[in-house]
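J.: Questions regarding the structure given below will be posed in turn.
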Amino acid sequence: MLFATPALPLDWEVLDLLNGPGHPALDRLAMALSSTPSLLGMLVLLAAYVAWKSPHGIWGAVVLLATAGVSDFGTSHLVKPIFQRQRPCRERPDLVTAIDGCGPGYAFPSNHATNVAAVAMVAAWTTPGVGPAVTVLALAVGWSRIHLGVHWPTDVLAGFILGLGIGWLMTRLILLRHSIRPAR
C-alpha cells in the first residue's frame with residue numbers, strides 16, 4: 001500500500017445524506033443500478049446501439065466494449081491495490097447501512113463509477129445524441145454506490161475522473177485508426 005486514504009469530513013456529510021435505507025423502491029433502484037448483470041445488459045444494448053448509429057460503426061462498439069474491459073481491469077487490479085481504502089460499510093458498520101451487503105475488495109476508486117464514466121465518454125464521443133442519456137445513467141450509478149453504503153463520495157468522484165480519462169484515451173484509438181492508411 002502506497003497511500004492511506006481515510007475518509008474526508010465531506011465524505012461523511014454526503015454519505016450521511018445519501019446512505020439508505022430509504023423508500024423500498026429507491027433501494028431497489030439503487031440495487032438494480034449497481035447490479036453487474038443489469039450493467040452488463042445495458043453495456044451490450046449500448047454497444048449494439050453504437051454499432052448501429054455511430055458513424056464509426058462496429059469499430060465504435062468494439063472500442064466501447066474494450067473500454068469497459070480496460071477500465072474494469074485497470075481499476076480493480078492496478079489502482080485499488082495502491083490505495084487499499086476500506087469501504088464505508090467495513091470501516092464503520094455501526095454508522096453505515098449496507099443495504100445490499102458490503103461487497104468485496106477495496107473502495108478507492110469505485111469500479112462502477114470508473115467503468116460507467118469511461119463507457120459514457122466513449123459512447124458520447126462515438127454516437128451523436130447519446131451523451132445526455134449516458135451521463136444521467138453514470139450519475140445514477142454513482143449515486144447508487146453511495147446510497148448502498150459501499151463507497152465514499154470521493155471514491156465515486158475519483159472513479160468518474162479516472163473513467164473520463166480512460167474513455168478519452170480509448171477514443172484516441174478511433175482517431176488513430178482513421179489516421180493510419182494502408183500502403184498502396
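FYI, nothing fancy with the C-alpha cells labels: chains A, B, ... in order, residues from 1 per chain, ligands from 1 as they appear.
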List the neighbours of segment 40-51 of chain A out to 9 Å using only C-alpha atoms; skip same-chain residues closer than 5 positions along the sequence, and give me the result as number ranges by chain.
T.: A: 35, 56-62, 64-65, 68, 119, 123, 126-127
J.: Suppose we keep C-alpha atoms; can you now write the selection as a compact mmCIF listing (two decimals), in the first residue's frame?
T.:
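Everything below was put into again_28.txt:
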# COMPACT_ATOMS: atom_id res chain seq x y z
CA SER A 35 -26.13 -4.94 -10.28
CA HIS A 56 -17.71 4.68 -36.60
CA GLY A 57 -19.99 1.64 -36.94
CA ILE A 58 -18.83 -1.62 -35.44
CA TRP A 59 -15.43 -0.08 -34.61
CA GLY A 60 -17.16 2.28 -32.18
CA ALA A 61 -18.86 -0.67 -30.47
CA VAL A 62 -15.59 -2.62 -30.28
CA LEU A 64 -16.78 0.77 -26.28
CA LEU A 65 -16.57 -2.87 -25.13
CA ALA A 68 -15.27 -1.43 -20.30
CA VAL A 119 -18.12 3.89 -21.29
CA ALA A 123 -20.49 6.35 -26.23
CA THR A 126 -18.78 7.95 -30.93
CA THR A 127 -22.53 8.39 -31.16
J.: If we count only C-alpha atoms and set the cut-off at 9 Å, which residues sit around Trp152 of chain A, ignoring sequence neighbours fewer than 6 positions away in its own chain? Please answer as a compact mmCIF listing (two decimals) with C-alpha atoms, in the first residue's frame.
T.:
# COMPACT_ATOMS: atom_id res chain seq x y z
CA ALA A 7 -12.46 9.37 4.60
CA LEU A 8 -12.66 13.13 4.44
CA ASP A 11 -17.31 12.11 2.71
CA TRP A 12 -19.12 11.63 6.00
CA VAL A 14 -22.52 13.35 1.90
CA LEU A 15 -22.65 9.69 2.93
CA ARG A 87 -15.40 0.61 2.14
CA PRO A 88 -17.51 2.75 4.48
CA ALA A 107 -13.27 1.14 -2.25
CA PHE A 108 -10.99 3.68 -3.93
CA SER A 110 -15.17 2.99 -7.39
CA ARG A 145 -22.90 3.22 -4.81
CA ILE A 146 -23.11 5.85 -2.07
J.: Between atom CA of Cys89 of chain A and atom CA of Cys102 of chain A, what is the distance in Å, rounded to a tenth?
T.: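 Answer for the atom CA of Cys89 of chain A to atom CA of Cys102 of chain A separation: 5.8 Å.
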J.: Find the residues near Val63 of chain A: any atom within 8 Å, counting only C-alpha atoms, skip ones fewer than 3 places away on the same chain, and give them as a PDB file with C-alpha atoms, in the first residue's frame.
T.:
ATOM      1  CA  TRP A  59     -15.430  -0.076 -34.614  1.00  0.00           C
ATOM      2  CA  GLY A  60     -17.157   2.284 -32.184  1.00  0.00           C
ATOM      3  CA  ALA A  66     -12.774  -2.736 -24.924  1.00  0.00           C
ATOM      4  CA  THR A  67     -13.088   0.405 -22.809  1.00  0.00           C
ATOM      5  CA  VAL A 122     -16.761   6.662 -25.484  1.00  0.00           C
ATOM      6  CA  MET A 170      -9.822   4.975 -25.783  1.00  0.00           C
ATOM      7  CA  THR A 171     -11.395   7.488 -28.180  1.00  0.00           C
ATOM      8  CA  LEU A 173      -7.790   4.656 -30.696  1.00  0.00           C
ATOM      9  CA  ILE A 174     -10.596   5.551 -33.062  1.00  0.00           C
TER      10      ILE A 174
END
J.: Please report, as a Markdown table, each residue of segment 63-144 of chain A lying at most 6 Å from segment 154-168 of chain A, together with the nearest pair of atoms and the separation in Å rounded to one decimal; use only C-alpha atoms, and order rows by chain and ascending residue number.
T.:
| residue | atom | partner | partner_atom | distance |
| --- | --- | --- | --- | --- |
| A:Phe108 | CA | A:Asp155 | CA | 4.8 |
| A:Pro109 | CA | A:Asp155 | CA | 4.5 |
| A:Ser110 | CA | A:Gly159 | CA | 5.1 |
| A:Ala113 | CA | A:Gly159 | CA | 4.8 |
| A:Thr114 | CA | A:Gly159 | CA | 4.1 |
| A:Asn115 | CA | A:Gly163 | CA | 6.0 |
| A:Ala117 | CA | A:Gly163 | CA | 4.7 |
| A:Ala118 | CA | A:Gly163 | CA | 4.1 |
| A:Met121 | CA | A:Gly167 | CA | 5.2 |
| A:Val122 | CA | A:Gly167 | CA | 5.4 |
| A:Gly142 | CA | A:Val156 | CA | 5.8 |
J.: Atoms to include: N, CA and C atoms. Write the selected residues as a short mmCIF file (atom, residue, chain, number, x, y, z; two decimals), in the first residue's frame.
T.:
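As written to disk, result35.cif reads:
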data_model
loop_
_atom_site.label_atom_id
_atom_site.label_comp_id
_atom_site.auth_asym_id
_atom_site.auth_seq_id
_atom_site.Cartn_x
_atom_site.Cartn_y
_atom_site.Cartn_z
N PHE A 108 -11.47 2.52 -3.16
CA PHE A 108 -10.99 3.68 -3.93
C PHE A 108 -10.13 3.27 -5.10
N PRO A 109 -10.51 3.72 -6.28
CA PRO A 109 -11.74 4.41 -6.67
C PRO A 109 -12.85 3.39 -6.96
N SER A 110 -14.04 3.86 -7.10
CA SER A 110 -15.17 2.99 -7.39
C SER A 110 -15.05 2.43 -8.81
N ALA A 113 -18.15 3.46 -10.86
CA ALA A 113 -18.09 4.84 -11.35
C ALA A 113 -17.07 4.97 -12.47
N THR A 114 -15.91 4.33 -12.32
CA THR A 114 -14.88 4.39 -13.35
C THR A 114 -15.41 3.80 -14.65
N ASN A 115 -16.01 2.63 -14.56
CA ASN A 115 -16.49 1.94 -15.76
C ASN A 115 -17.60 2.71 -16.47
N ALA A 117 -18.30 5.89 -16.32
CA ALA A 117 -17.79 7.15 -16.87
C ALA A 117 -16.98 6.90 -18.14
N ALA A 118 -16.15 5.87 -18.13
CA ALA A 118 -15.34 5.55 -19.31
C ALA A 118 -16.24 5.17 -20.48
N MET A 121 -18.15 8.21 -21.78
CA MET A 121 -17.29 9.08 -22.59
C MET A 121 -17.17 8.55 -24.01
N VAL A 122 -16.91 7.26 -24.15
CA VAL A 122 -16.76 6.66 -25.48
C VAL A 122 -18.09 6.70 -26.23
N GLY A 142 -23.36 6.22 -9.89
CA GLY A 142 -22.54 6.79 -8.82
C GLY A 142 -23.34 7.02 -7.54
#
